[in-house]
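Participant: One file is attached below, structure25.cif, containing mmCIF, C-alpha atoms.
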data_my_file
loop_
_atom_site.label_atom_id
_atom_site.label_comp_id
_atom_site.auth_asym_id
_atom_site.auth_seq_id
_atom_site.Cartn_x
_atom_site.Cartn_y
_atom_site.Cartn_z
CA MET A 272 -3.03 31.04 8.21
CA SER A 273 -2.52 29.90 11.82
CA ASP A 274 -3.72 26.64 13.33
CA ASP A 275 -6.46 28.56 15.15
CA GLN A 276 -7.71 30.40 12.09
CA GLN A 277 -10.96 29.27 10.48
CA TYR A 278 -10.67 28.13 6.88
CA PRO A 279 -12.93 29.66 4.23
CA ILE A 280 -16.05 27.53 3.82
CA ILE A 281 -17.71 27.30 0.41
CA ASP A 282 -21.51 26.97 0.64
CA LEU A 283 -22.46 24.68 -2.25
CA SER A 284 -26.09 25.81 -2.12
CA VAL A 285 -25.23 28.93 -4.13
CA TYR A 286 -23.99 26.80 -7.03
CA LEU A 287 -26.68 24.14 -6.66
CA ASN A 288 -29.45 26.77 -6.77
CA ASP A 289 -28.05 28.93 -9.57
CA PRO A 290 -24.88 27.65 -11.29
CA LYS A 291 -24.77 30.55 -13.75
CA ASN A 292 -24.40 33.08 -10.93
CA ALA A 293 -21.87 31.17 -8.85
CA SER A 294 -18.72 32.19 -10.70
CA THR A 295 -17.17 33.78 -7.59
CA ASP A 296 -17.51 30.53 -5.65
CA CYS A 297 -16.25 28.46 -8.58
CA ASN A 298 -13.17 30.65 -8.88
CA MET A 299 -12.57 30.35 -5.14
CA VAL A 300 -12.77 26.53 -5.29
CA ALA A 301 -10.11 26.45 -8.02
CA ASP A 302 -7.97 29.01 -6.19
CA LEU A 303 -8.12 27.18 -2.84
CA LEU A 304 -7.20 23.86 -4.42
CA HIS A 305 -4.29 25.51 -6.22
CA LYS A 306 -2.97 27.36 -3.16
CA TYR A 307 -3.67 24.89 -0.39
CA GLY A 308 -4.63 21.56 -2.00
CA PHE A 309 -7.76 21.39 0.17
CA LEU A 310 -10.97 23.24 0.95
CA CYS A 311 -13.97 23.03 3.27
CA VAL A 312 -17.53 23.05 1.98
CA LYS A 313 -21.06 23.05 3.36
CA ASP A 314 -23.47 20.93 1.32
CA PRO A 315 -27.21 21.43 2.01
CA ARG A 316 -27.80 17.79 1.00
CA VAL A 317 -25.61 16.52 3.87
CA ASP A 318 -26.61 16.61 7.52
CA ASP A 319 -24.59 15.74 10.63
CA ILE A 320 -27.01 12.90 11.37
CA HIS A 321 -25.76 11.03 8.28
CA ASN A 322 -22.17 11.24 9.52
CA LYS A 323 -23.23 10.25 13.04
CA ARG A 324 -25.00 7.07 11.87
CA PHE A 325 -21.98 6.13 9.82
CA ILE A 326 -19.42 6.64 12.59
CA ASP A 327 -21.65 4.96 15.19
CA MET A 328 -21.77 1.80 13.07
CA LEU A 329 -18.06 1.82 12.25
CA GLU A 330 -17.12 2.21 15.92
CA LYS A 331 -19.12 -0.94 16.66
CA TYR A 332 -17.45 -2.70 13.74
CA TYR A 333 -13.90 -1.85 14.82
CA GLU A 334 -14.66 -2.77 18.44
CA GLN A 335 -15.12 -6.39 17.34
CA SER A 336 -12.31 -8.86 17.92
CA ASP A 337 -9.46 -8.98 15.42
CA GLU A 338 -10.48 -12.58 14.70
CA GLU A 339 -14.00 -11.50 13.73
CA LYS A 340 -12.79 -8.60 11.58
CA ALA A 341 -10.22 -10.84 9.83
CA LYS A 342 -13.11 -12.54 8.00
CA ASP A 343 -13.43 -9.35 5.94
CA ILE A 344 -9.82 -9.25 4.64
CA HIS A 345 -9.35 -9.79 0.89
CA ASP A 346 -5.69 -9.39 0.00
CA GLU A 347 -6.29 -11.23 -3.29
CA VAL A 348 -7.76 -7.96 -4.63
CA PHE A 349 -5.08 -5.88 -2.90
CA TYR A 350 -7.44 -4.94 -0.03
CA GLN A 351 -9.58 -2.88 -2.42
CA VAL A 352 -12.74 -4.13 -0.73
CA GLY A 353 -13.20 -5.14 2.89
CA LEU A 354 -10.68 -4.72 5.67
CA THR A 355 -7.04 -3.72 5.70
CA SER A 356 -5.70 -4.65 9.13
CA THR A 357 -2.99 -2.91 11.15
CA TYR A 358 0.63 -2.99 9.97
CA ILE A 359 -0.15 -3.63 6.29
CA GLU A 360 0.01 -0.21 4.62
CA ARG A 361 3.22 1.80 4.59
CA ALA A 362 3.34 5.34 3.22
CA ARG A 363 5.69 6.07 0.33
CA ASN A 364 9.11 7.29 1.34
CA HIS A 365 8.88 11.10 1.28
CA CYS A 366 11.90 11.68 3.50
CA ASP A 367 13.47 14.07 0.97
CA THR A 368 10.31 16.20 1.01
CA ILE A 369 10.13 16.16 4.81
CA ALA A 370 13.82 17.16 5.03
CA LYS A 371 13.12 20.28 2.96
CA LEU A 372 10.33 21.49 5.26
CA ASP A 373 11.07 24.33 7.62
CA ARG A 374 11.96 23.21 11.13
CA THR A 375 8.64 24.55 12.46
CA GLU A 376 6.62 22.70 9.80
CA LYS A 377 8.14 19.21 10.14
CA ALA A 378 6.07 16.03 10.06
CA LEU A 379 6.14 13.69 13.04
CA SER A 380 6.28 10.65 10.73
CA ILE A 381 9.42 8.55 11.08
CA CYS A 382 11.87 8.31 8.16
CA PRO A 383 11.98 5.88 6.53
CA PRO A 384 8.25 5.30 7.11
CA GLU A 385 6.99 2.46 9.27
CA LEU A 386 3.89 0.33 8.72
CA ASP A 387 0.73 2.21 9.72
CA ASN A 388 -1.04 1.07 12.88
CA LYS A 389 -4.48 1.99 11.51
CA MET A 390 -7.16 -0.28 10.04
CA ARG A 391 -9.34 0.64 7.09
CA PHE A 392 -12.50 -0.69 5.46
CA PHE A 393 -13.10 -0.16 1.75
CA TRP A 394 -16.66 -0.06 0.38
CA ARG A 395 -17.26 0.50 -3.32
CA VAL A 396 -19.59 3.41 -4.20
CA GLY A 397 -21.20 4.26 -7.53
CA GLU A 398 -21.81 2.46 -10.79
CA ALA A 399 -19.21 -0.12 -11.86
CA PRO A 400 -18.07 -0.48 -15.48
CA SER A 401 -19.48 -3.41 -17.48
CA GLN A 402 -15.89 -4.43 -18.21
CA SER A 403 -12.45 -3.15 -17.28
CA GLU A 404 -8.81 -3.98 -17.79
CA TYR A 405 -8.52 -3.72 -13.98
CA PRO A 406 -11.08 -6.08 -12.40
CA GLN A 407 -9.29 -6.10 -9.03
CA LEU A 408 -10.24 -2.43 -8.65
CA HIS A 409 -13.94 -3.24 -9.12
CA ALA A 410 -14.36 -6.28 -6.86
CA ASP A 411 -17.69 -7.24 -5.27
CA PRO A 412 -18.44 -5.57 -1.93
CA VAL A 413 -17.80 -7.23 1.43
CA ILE A 414 -20.61 -7.11 4.01
CA PRO A 415 -19.63 -7.94 7.62
CA GLU A 416 -21.73 -10.75 9.07
CA LYS A 417 -23.15 -9.02 12.13
CA PHE A 418 -24.35 -5.75 10.58
CA SER A 419 -27.75 -6.02 8.91
CA GLU A 420 -27.87 -2.26 8.28
CA TRP A 421 -24.35 -2.15 6.77
CA LYS A 422 -25.23 -1.80 3.07
CA THR A 423 -27.97 0.76 3.70
CA ILE A 424 -25.80 3.05 5.82
CA MET A 425 -22.67 2.69 3.68
CA ASP A 426 -24.55 3.30 0.41
CA SER A 427 -26.45 6.25 1.84
CA TRP A 428 -23.37 8.05 3.22
CA GLY A 429 -21.26 7.11 0.19
CA LYS A 430 -23.85 8.52 -2.22
CA LEU A 431 -23.99 11.83 -0.34
CA MET A 432 -20.19 12.13 -0.22
CA LEU A 433 -19.87 11.34 -3.93
CA GLU A 434 -22.50 13.94 -4.82
CA SER A 435 -20.52 16.57 -2.92
CA VAL A 436 -17.32 15.63 -4.74
CA LEU A 437 -19.01 15.75 -8.14
CA THR A 438 -20.38 19.21 -7.37
CA VAL A 439 -16.95 20.49 -6.28
CA ALA A 440 -15.38 18.91 -9.40
CA GLN A 441 -17.87 20.80 -11.59
CA MET A 442 -17.19 24.06 -9.77
CA CYS A 443 -13.44 23.58 -10.02
CA ALA A 444 -13.68 22.95 -13.75
CA LEU A 445 -15.62 26.19 -14.22
CA GLY A 446 -13.17 28.02 -11.96
CA PHE A 447 -10.34 26.95 -14.26
CA GLY A 448 -12.31 28.08 -17.32
CA LEU A 449 -13.02 24.50 -18.46
CA PRO A 450 -16.29 22.83 -19.52
CA VAL A 451 -18.37 21.90 -16.47
CA ASP A 452 -18.06 18.14 -17.05
CA THR A 453 -14.29 18.12 -17.66
CA PHE A 454 -13.55 16.16 -14.48
CA THR A 455 -16.89 14.49 -13.80
CA SER A 456 -16.98 12.81 -17.21
CA LEU A 457 -13.65 11.16 -16.43
CA MET A 458 -14.92 10.06 -13.00
CA LYS A 459 -17.87 8.07 -14.37
CA TYR A 460 -17.41 4.37 -13.48
CA GLY A 461 -14.43 5.25 -11.28
CA PRO A 462 -13.56 2.86 -8.40
CA HIS A 463 -14.77 5.27 -5.71
CA LEU A 464 -14.19 3.98 -2.19
CA LEU A 465 -15.84 4.86 1.07
CA ALA A 466 -12.80 4.33 3.27
CA PRO A 467 -13.30 4.72 7.02
CA THR A 468 -10.04 4.25 8.89
CA GLY A 469 -10.09 2.91 12.41
CA SER A 470 -7.40 3.80 14.95
CA ASP A 471 -7.56 2.23 18.40
CA LEU A 472 -6.75 5.15 20.70
CA GLY A 473 -7.05 2.87 23.70
CA ARG A 474 -3.93 1.17 22.34
CA PHE A 475 -2.28 3.90 20.27
CA GLY A 476 -3.39 6.99 22.19
CA LYS A 477 -0.08 8.33 23.46
CA GLU A 478 0.68 11.90 22.40
CA GLY A 479 3.03 11.97 19.41
CA THR A 480 1.94 8.58 18.04
CA VAL A 481 1.65 8.58 14.24
CA LEU A 482 -1.58 6.92 13.11
CA ALA A 483 -1.10 7.46 9.37
CA GLY A 484 2.32 8.42 8.03
CA PHE A 485 3.12 11.50 5.91
CA HIS A 486 1.60 10.87 2.46
CA SER A 487 -0.60 12.12 -0.35
CA ASP A 488 -3.62 10.25 -1.69
CA ILE A 489 -3.71 8.09 -4.81
CA GLY A 490 -6.99 9.20 -6.37
CA PHE A 491 -8.70 12.34 -7.65
CA LEU A 492 -10.37 14.01 -4.68
CA THR A 493 -10.60 12.75 -1.10
CA ILE A 494 -13.52 13.91 1.03
CA HIS A 495 -13.87 13.75 4.82
CA GLY A 496 -16.76 14.26 7.18
CA ARG A 497 -16.05 15.42 10.72
CA ALA A 498 -14.19 12.88 12.88
CA ARG A 499 -14.81 12.63 16.65
CA PHE A 500 -11.10 12.88 17.44
CA PRO A 501 -8.78 15.54 15.95
CA GLY A 502 -5.35 14.67 14.58
CA LEU A 503 -5.31 15.37 10.84
CA PHE A 504 -2.56 17.76 9.70
CA VAL A 505 -2.07 18.97 6.12
CA TRP A 506 0.68 20.81 4.25
CA THR A 507 0.00 23.64 1.81
CA ARG A 508 1.77 24.14 -1.50
CA GLU A 509 4.32 26.35 0.28
CA GLY A 510 5.03 23.72 2.94
CA LYS A 511 2.97 25.26 5.76
CA ARG A 512 1.68 22.67 8.25
CA LEU A 513 -1.93 23.19 9.35
CA ALA A 514 -4.14 21.42 11.87
CA VAL A 515 -7.42 20.58 10.14
CA LYS A 516 -10.68 21.51 11.83
CA VAL A 517 -13.90 20.49 10.12
CA SER A 518 -16.85 22.46 11.46
CA HIS A 519 -20.13 20.71 12.24
CA GLY A 520 -22.11 20.12 9.06
CA CYS A 521 -19.09 20.69 6.82
CA LEU A 522 -16.87 18.50 4.66
CA LEU A 523 -13.14 18.65 3.88
CA LEU A 524 -11.85 17.88 0.39
CA GLN A 525 -8.22 17.30 -0.53
CA ALA A 526 -6.63 16.82 -3.95
CA GLY A 527 -4.98 13.51 -4.84
CA LYS A 528 -2.37 12.40 -7.36
CA GLN A 529 -4.86 12.01 -10.22
CA PHE A 530 -5.94 15.64 -9.82
CA GLU A 531 -2.30 16.69 -9.92
CA TRP A 532 -1.77 14.59 -13.07
CA LEU A 533 -4.73 16.08 -14.95
CA THR A 534 -3.77 19.66 -14.07
CA GLY A 535 -0.05 19.23 -14.70
CA GLY A 536 0.69 20.28 -11.12
CA GLU A 537 -1.57 23.35 -11.10
CA VAL A 538 -3.24 21.49 -8.24
CA LEU A 539 -0.82 19.40 -6.18
CA ALA A 540 -1.71 16.24 -4.28
CA GLY A 541 -1.78 17.45 -0.71
CA PHE A 542 0.54 15.91 1.87
CA HIS A 543 -0.96 15.02 5.24
CA GLU A 544 -0.51 12.81 8.29
CA VAL A 545 -2.71 11.74 11.20
CA ILE A 546 -1.18 11.91 14.67
CA VAL A 547 -2.18 11.87 18.31
CA SER A 548 -1.85 15.54 19.20
CA GLU A 549 -2.29 17.31 22.52
CA LYS A 550 -5.88 18.07 21.53
CA THR A 551 -6.44 14.42 20.58
CA VAL A 552 -5.38 13.39 24.08
CA GLU A 553 -7.84 15.87 25.60
CA VAL A 554 -10.70 14.33 23.61
CA ILE A 555 -9.50 10.81 24.52
CA ASP A 556 -9.68 11.76 28.20
CA ASP A 557 -13.18 13.17 27.81
CA ALA A 558 -14.36 10.09 25.88
CA SER A 559 -12.86 7.77 28.52
CA LYS A 560 -14.64 9.56 31.35
CA ALA A 561 -17.94 9.44 29.43
CA GLY A 562 -17.55 5.77 28.49
CA ARG A 563 -17.54 6.51 24.76
CA SER A 564 -15.68 4.54 22.10
CA LEU A 565 -11.94 5.17 21.85
CA TRP A 566 -11.80 4.17 18.20
CA ARG A 567 -10.98 7.13 15.97
CA VAL A 568 -13.07 6.59 12.84
CA SER A 569 -12.37 8.80 9.84
CA SER A 570 -15.40 9.59 7.72
CA THR A 571 -13.41 9.34 4.50
CA MET A 572 -14.07 8.66 0.82
CA PHE A 573 -11.54 8.36 -2.02
CA THR A 574 -12.88 9.27 -5.47
CA HIS A 575 -11.12 8.22 -8.65
CA ILE A 576 -10.85 8.74 -12.36
CA ALA A 577 -12.26 5.70 -14.18
CA SER A 578 -9.65 2.93 -14.32
CA ASP A 579 -9.60 2.70 -18.13
CA GLU A 580 -9.31 6.46 -18.73
CA ILE A 581 -5.93 7.96 -19.60
CA LEU A 582 -4.29 10.25 -17.08
CA LYS A 583 -2.44 13.11 -18.75
CA PRO A 584 -2.42 16.90 -18.41
CA LEU A 585 -5.58 18.40 -19.89
CA PRO A 586 -4.97 20.71 -22.89
CA THR A 587 -5.21 23.84 -20.71
CA PHE A 588 -2.35 22.56 -18.56
CA ALA A 589 -0.34 20.75 -21.23
CA ASN A 590 3.12 21.94 -22.27
CA SER A 591 6.45 20.25 -22.90
CA GLU A 592 7.37 20.34 -19.20
CA THR A 593 4.08 18.98 -17.81
CA LEU A 594 3.75 16.35 -20.53
CA GLU A 595 7.21 15.07 -19.68
CA LYS A 596 6.60 15.07 -15.93
CA TYR A 597 3.09 13.60 -16.15
CA SER A 598 3.37 11.15 -19.02
CA PRO A 599 0.15 9.40 -20.20
CA MET A 600 -0.90 6.38 -18.14
CA LYS A 601 -4.17 4.58 -17.58
CA ALA A 602 -5.67 5.48 -14.22
CA GLY A 603 -5.93 1.81 -13.26
CA ALA A 604 -2.23 1.25 -13.94
CA GLN A 605 -1.40 4.31 -11.84
CA VAL A 606 -3.48 2.97 -8.93
CA LEU A 607 -1.89 -0.49 -9.09
CA ALA A 608 1.60 1.04 -9.14
CA GLU A 609 0.74 3.14 -6.08
CA LEU A 610 -0.70 0.12 -4.26
CA ALA A 611 2.55 -1.74 -4.85
CA ALA A 612 4.52 1.25 -3.55
CA ILE A 613 2.54 1.36 -0.27
CA ASN A 614 2.78 -2.41 0.42
CA MET A 615 -0.84 -3.27 -0.49
CA LYS A 616 0.10 -5.09 -3.68
CA LYS A 617 3.19 -7.26 -3.63
CA THR A 618 3.95 -7.30 -7.36
CA LEU A 619 2.96 -5.48 -10.53
CA ASN A 620 2.25 -8.71 -12.40
#
Would you put the structure from the file into structure tokens?
Facilitator:
Amino acid sequence: MSDDQQYPIIDLSVYLNDPKNASTDCNMVADLLHKYGFLCVKDPRVDDIHNKRFIDMLEKYYEQSDEEKAKDIHDEVFYQVGLTSTYIERARNHCDTIAKLDRTEKALSICPPELDNKMRFFWRVGEAPSQSEYPQLHADPVIPEKFSEWKTIMDSWGKLMLESVLTVAQMCALGFGLPVDTFTSLMKYGPHLLAPTGSDLGRFGKEGTVLAGFHSDIGFLTIHGRARFPGLFVWTREGKRLAVKVSHGCLLLQAGKQFEWLTGGEVLAGFHEVIVSEKTVEVIDDASKAGRSLWRVSSTMFTHIASDEILKPLPTFANSETLEKYSPMKAGAQVLAELAAINMKKTLN
């Protein structure tokens, strides 16, 4: 699959209209996640206008002064709500993995990894548990002072994104020959996060700049709407580097570590990085000439298994090898360990 080749797009309307006759699509969802770790979907419930409203608002938010945005930082809950500023998060050290990639498939990320120059805002989506062993992962939302429409727009876009993920999770379960609610039942009360990143391309817009270092995601499934600036690259199971293109009206989903855990590696957490590519620079130039915002906002959501559920290979994927590699652990403990590893939580105590 070349960088210029269009990815297969799964139209969710077939499954939504008639689940019993959507086995071909369900099998394709499972197959794509196994082979590539990502897939693109078209959801009839989601329109480009929803993504546009969301990005428009986040551009205005990130264009505020650093002093104004700093009011929204909450490191006491490990940045799991509100703003994470620049130079806080650092990707895990995957230098050994990068070294094994073919010369033509190498990441641009520096080894060992540096602190990311991106910002990110976390907004909790979905129903919270009445009690949890991991309260920091279910903190109250943060609403920026100057945005009266914030909650409405964030909740609206977050709900649509979560619905798409739940549908794909059902289809993937059926594609693997599992009960339809295998994954979605574990996701109930999960600490799902609408997570728009903000990268200031007026400051960090030089070609070759790494905006988010080579990494895989912590949670179950990550979903992205279309960003206004390209730059996301992913790696397949075989180590092939691909430039991601999300067509208008479509959504990109990528597997995270919790998905890998539950499937015993049948689906791997997909590696990716965000860089300023030649095509990014072209869009920056066009935006500059048109007087548009130079903040690259990712329309991203991280979905999770519920914090108090146990992560372990499901029976279909369980054997002596997978059970040893993916030993049982509460999802909340796994998230906290990952946050410590990426510099967002200073201790495990």
Participant: Anything within 8 Å of (-13.1, 15.6, 4.9): list those residues as a JSON list (two decimals) with C-alpha atoms, in the coordinates of the input, counting all atoms listed in the file and sticking to the file's coordinates.
Facilitator:
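Wrote it out as result_10.json, contents follow:
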[["chain", "number", "residue", "atom", "x", "y", "z"],
["A", 311, "CYS", "CA", -13.97, 23.03, 3.27],
["A", 493, "THR", "CA", -10.60, 12.75, -1.10],
["A", 494, "ILE", "CA", -13.52, 13.91, 1.03],
["A", 495, "HIS", "CA", -13.87, 13.75, 4.82],
["A", 496, "GLY", "CA", -16.76, 14.26, 7.18],
["A", 497, "ARG", "CA", -16.05, 15.42, 10.72],
["A", 517, "VAL", "CA", -13.90, 20.49, 10.12],
["A", 522, "LEU", "CA", -16.87, 18.50, 4.66],
["A", 523, "LEU", "CA", -13.14, 18.65, 3.88],
["A", 524, "LEU", "CA", -11.85, 17.88, 0.39],
["A", 525, "GLN", "CA", -8.22, 17.30, -0.53],
["A", 570, "SER", "CA", -15.40, 9.59, 7.72],
["A", 571, "THR", "CA", -13.41, 9.34, 4.50]]
Participant: With the cut-off set at 6 Å and counting only C-alpha atoms, tabulate each residue of region 340-416 of chain A with an atom at most that distance from an atom of region 468-479 of chain A, showing the nearest atom pair and its distance in Å to one decimal, ordered by chain and increasing number, as CSV.
Facilitator:
residue,atom,partner,partner_atom,distance
A:Lys389,CA,A:Ser470,CA,4.9
A:Met390,CA,A:Gly469,CA,4.9
A:Arg391,CA,A:Thr468,CA,4.1
Participant: Do you know which residues the PyMOL selection byres ((chain A and resi 420-433) around 8) returns on this file, as a list in words?
Facilitator: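 Applying the PyMOL selection byres ((chain A and resi 420-433) around 8) to the structure shown produces Arg316, Val317, His321, Asn322, Arg324, Phe325, Met328, Trp394, Val396, Gly397, Ile414, Pro415, Phe418, Ser419, Glu434, Ser435, Val436, Leu437, Leu465, Ile494, Met572 and Thr574 of chain A.
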Participant: Let's have the selection written as a JSON list (two decimals), in the frame of the given file, with C-alpha atoms.
Facilitator:
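Final output, selection.json:
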[["chain", "number", "residue", "atom", "x", "y", "z"],
["A", 316, "ARG", "CA", -27.80, 17.79, 1.00],
["A", 317, "VAL", "CA", -25.61, 16.52, 3.87],
["A", 321, "HIS", "CA", -25.76, 11.03, 8.28],
["A", 322, "ASN", "CA", -22.17, 11.24, 9.52],
["A", 324, "ARG", "CA", -25.00, 7.07, 11.87],
["A", 325, "PHE", "CA", -21.98, 6.13, 9.82],
["A", 328, "MET", "CA", -21.77, 1.80, 13.07],
["A", 394, "TRP", "CA", -16.66, -0.06, 0.38],
["A", 396, "VAL", "CA", -19.59, 3.41, -4.20],
["A", 397, "GLY", "CA", -21.20, 4.26, -7.53],
["A", 414, "ILE", "CA", -20.61, -7.11, 4.01],
["A", 415, "PRO", "CA", -19.63, -7.94, 7.62],
["A", 418, "PHE", "CA", -24.35, -5.75, 10.58],
["A", 419, "SER", "CA", -27.75, -6.02, 8.91],
["A", 434, "GLU", "CA", -22.50, 13.94, -4.82],
["A", 435, "SER", "CA", -20.52, 16.57, -2.92],
["A", 436, "VAL", "CA", -17.32, 15.63, -4.74],
["A", 437, "LEU", "CA", -19.01, 15.75, -8.14],
["A", 465, "LEU", "CA", -15.84, 4.86, 1.07],
["A", 494, "ILE", "CA", -13.52, 13.91, 1.03],
["A", 572, "MET", "CA", -14.07, 8.66, 0.82],
["A", 574, "THR", "CA", -12.88, 9.27, -5.47]]
Participant: Could you tell me which of A:Pro412, A:Gly535, A:Gly461, A:Pro467 comes closest to Ala589 (chain A) if we count all atoms listed in the file?
Facilitator: A:Gly535
Participant: Would you mind listing what lies within 9 Å of region 339-350 of chain A as a list of chain:residue names, with only C-alpha atoms counted and same-chain residues fewer than 2 positions away left out?
Facilitator: A:Tyr332, A:Tyr333, A:Gln335, A:Ser336, A:Asp337, A:Val352, A:Gly353, A:Leu354, A:Thr355, A:Ser356, A:Phe392, A:Phe393, A:Pro406, A:Gln407, A:Leu408, A:His409, A:Ala410, A:Val413, A:Ile414, A:Pro415, A:Glu416, A:Leu607, A:Leu610, A:Ala611, A:Met615, A:Lys616, A:Lys617
Participant: Could the residues in this selection be saved with C-alpha atoms as a PDB file, keeping the file's coordinate frame?
Facilitator:
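Once written, again_7.pdb looks like this:
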ATOM      1  CA  TYR A 332     -17.450  -2.700  13.740  1.00  0.00           C
ATOM      2  CA  TYR A 333     -13.900  -1.850  14.820  1.00  0.00           C
ATOM      3  CA  GLN A 335     -15.120  -6.390  17.340  1.00  0.00           C
ATOM      4  CA  SER A 336     -12.310  -8.860  17.920  1.00  0.00           C
ATOM      5  CA  ASP A 337      -9.460  -8.980  15.420  1.00  0.00           C
ATOM      6  CA  VAL A 352     -12.740  -4.130  -0.730  1.00  0.00           C
ATOM      7  CA  GLY A 353     -13.200  -5.140   2.890  1.00  0.00           C
ATOM      8  CA  LEU A 354     -10.680  -4.720   5.670  1.00  0.00           C
ATOM      9  CA  THR A 355      -7.040  -3.720   5.700  1.00  0.00           C
ATOM     10  CA  SER A 356      -5.700  -4.650   9.130  1.00  0.00           C
ATOM     11  CA  PHE A 392     -12.500  -0.690   5.460  1.00  0.00           C
ATOM     12  CA  PHE A 393     -13.100  -0.160   1.750  1.00  0.00           C
ATOM     13  CA  PRO A 406     -11.080  -6.080 -12.400  1.00  0.00           C
ATOM     14  CA  GLN A 407      -9.290  -6.100  -9.030  1.00  0.00           C
ATOM     15  CA  LEU A 408     -10.240  -2.430  -8.650  1.00  0.00           C
ATOM     16  CA  HIS A 409     -13.940  -3.240  -9.120  1.00  0.00           C
ATOM     17  CA  ALA A 410     -14.360  -6.280  -6.860  1.00  0.00           C
ATOM     18  CA  VAL A 413     -17.800  -7.230   1.430  1.00  0.00           C
ATOM     19  CA  ILE A 414     -20.610  -7.110   4.010  1.00  0.00           C
ATOM     20  CA  PRO A 415     -19.630  -7.940   7.620  1.00  0.00           C
ATOM     21  CA  GLU A 416     -21.730 -10.750   9.070  1.00  0.00           C
ATOM     22  CA  LEU A 607      -1.890  -0.490  -9.090  1.00  0.00           C
ATOM     23  CA  LEU A 610      -0.700   0.120  -4.260  1.00  0.00           C
ATOM     24  CA  ALA A 611       2.550  -1.740  -4.850  1.00  0.00           C
ATOM     25  CA  MET A 615      -0.840  -3.270  -0.490  1.00  0.00           C
ATOM     26  CA  LYS A 616       0.100  -5.090  -3.680  1.00  0.00           C
ATOM     27  CA  LYS A 617       3.190  -7.260  -3.630  1.00  0.00           C
TER      28      LYS A 617
END
Participant: Would you kindly translate the PyMOL selection byres ((chain A and resi 441) around 8) into the concrete residues it picks from this file, as a list in words?
Facilitator: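 The output of the PyMOL selection byres ((chain A and resi 441) around 8) on this file is Leu437, Thr438, Val439, Ala440, Met442, Cys443, Ala444, Leu445, Val451, Asp452, Thr453, Phe454 and Thr455 of chain A.
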Participant: Convert the current residue selection to file output with C-alpha atoms, as a PDB file, keeping the file's coordinate frame.
Facilitator:
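Result went into again.pdb, see below:
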ATOM      1  CA  LEU A 437     -19.010  15.750  -8.140  1.00  0.00           C
ATOM      2  CA  THR A 438     -20.380  19.210  -7.370  1.00  0.00           C
ATOM      3  CA  VAL A 439     -16.950  20.490  -6.280  1.00  0.00           C
ATOM      4  CA  ALA A 440     -15.380  18.910  -9.400  1.00  0.00           C
ATOM      5  CA  MET A 442     -17.190  24.060  -9.770  1.00  0.00           C
ATOM      6  CA  CYS A 443     -13.440  23.580 -10.020  1.00  0.00           C
ATOM      7  CA  ALA A 444     -13.680  22.950 -13.750  1.00  0.00           C
ATOM      8  CA  LEU A 445     -15.620  26.190 -14.220  1.00  0.00           C
ATOM      9  CA  VAL A 451     -18.370  21.900 -16.470  1.00  0.00           C
ATOM     10  CA  ASP A 452     -18.060  18.140 -17.050  1.00  0.00           C
ATOM     11  CA  THR A 453     -14.290  18.120 -17.660  1.00  0.00           C
ATOM     12  CA  PHE A 454     -13.550  16.160 -14.480  1.00  0.00           C
ATOM     13  CA  THR A 455     -16.890  14.490 -13.800  1.00  0.00           C
TER      14      THR A 455
END
Participant: To one decimal place in Å, what is the distance between CA of Ala540 (chain A) and CA of Leu386 (chain A)?
Facilitator: 21.3 Å
Participant: How far is it from CA of Phe500 (chain A) to CA of Lys516 (chain A), in Å with one decimal?
Facilitator: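 Distance reported for this atom pair: 10.3 Å.
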Participant: Between A:Asn292, A:Asn590, A:Gln529, A:Thr375, which one has atoms that come closest to Met458 (chain A), using all atoms listed in the file?
Facilitator: A:Gln529
Participant: Any idea what's packed within 12 Å of Met600 (chain A), counting all atoms listed in the file, ignoring anything in its chain fewer than 6 positions away? Could you give it as an NGL selection string?
Facilitator: :A and (529 or 532-533 or 576 or 578-584 or 594 or 606-608)
Participant: Quick one: what's the axis-aligned box for region 540-557 of chain A, all listed atoms, 6 Å on every side, centre and edges in Å to one decimal, as JSON?
Facilitator:
{"center_x": -6.3, "center_y": 14.4, "center_z": 12.0, "size_x": 25.7, "size_y": 19.3, "size_z": 44.5}
Participant: Do you have the CA of Val285 (chain A)-CA of Gly520 (chain A) distance handy?
Facilitator: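 Spanning CA of Val285 (chain A) to CA of Gly520 (chain A) is a straight-line distance of 16.2 Å.
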Participant: Check what the PyMOL selection byres ((chain A and resi 308) around 6) selects in the file above and give those residues as a PyMOL selection string.
Facilitator: chain A and resi 304-305+307+309+525-526+541
Participant: Pick from A:Asp556, A:Glu531, A:Glu595, A:Glu509: nearest to Lys306 (chain A), with all atoms listed in the file counted?
Facilitator: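 Nearest to Lys306 (chain A): A:Glu509.
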Participant: Restricting the calculation to only C-alpha atoms, which member of A:Gln402, A:Asn298, A:Ser591, A:Ser518 is positioned closest to Asp319 (chain A)?
Facilitator: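 Selected residue with least distance to Asp319 (chain A): A:Ser518.
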Participant: Compare A:Leu303, A:Ala602, A:Leu310, A:Leu585 by their minimum atom-to-atom distance to Pro462 (chain A), counting all atoms listed in the file, and give me the closest one.
Facilitator: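 Closest candidate: A:Ala602.
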Participant: Smallest atom-to-atom distance to Glu385 (chain A): which of A:Ala301, A:Ile555, A:Ala370, A:Ile613, using all atoms listed in the file?
Facilitator: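 Selected residue with least distance to Glu385 (chain A): A:Ile613.
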Participant: Hey, what's within 9 Å of Cys366 (chain A) if we count all atoms listed in the file and toss same-chain stuff fewer than 6 positions away? As a compact mmCIF listing (two decimals) with C-alpha atoms, keeping the file's coordinate frame, please?
Facilitator:
# COMPACT_ATOMS: atom_id res chain seq x y z
CA ILE A 381 9.42 8.55 11.08
CA CYS A 382 11.87 8.31 8.16
CA PRO A 383 11.98 5.88 6.53
CA PRO A 384 8.25 5.30 7.11
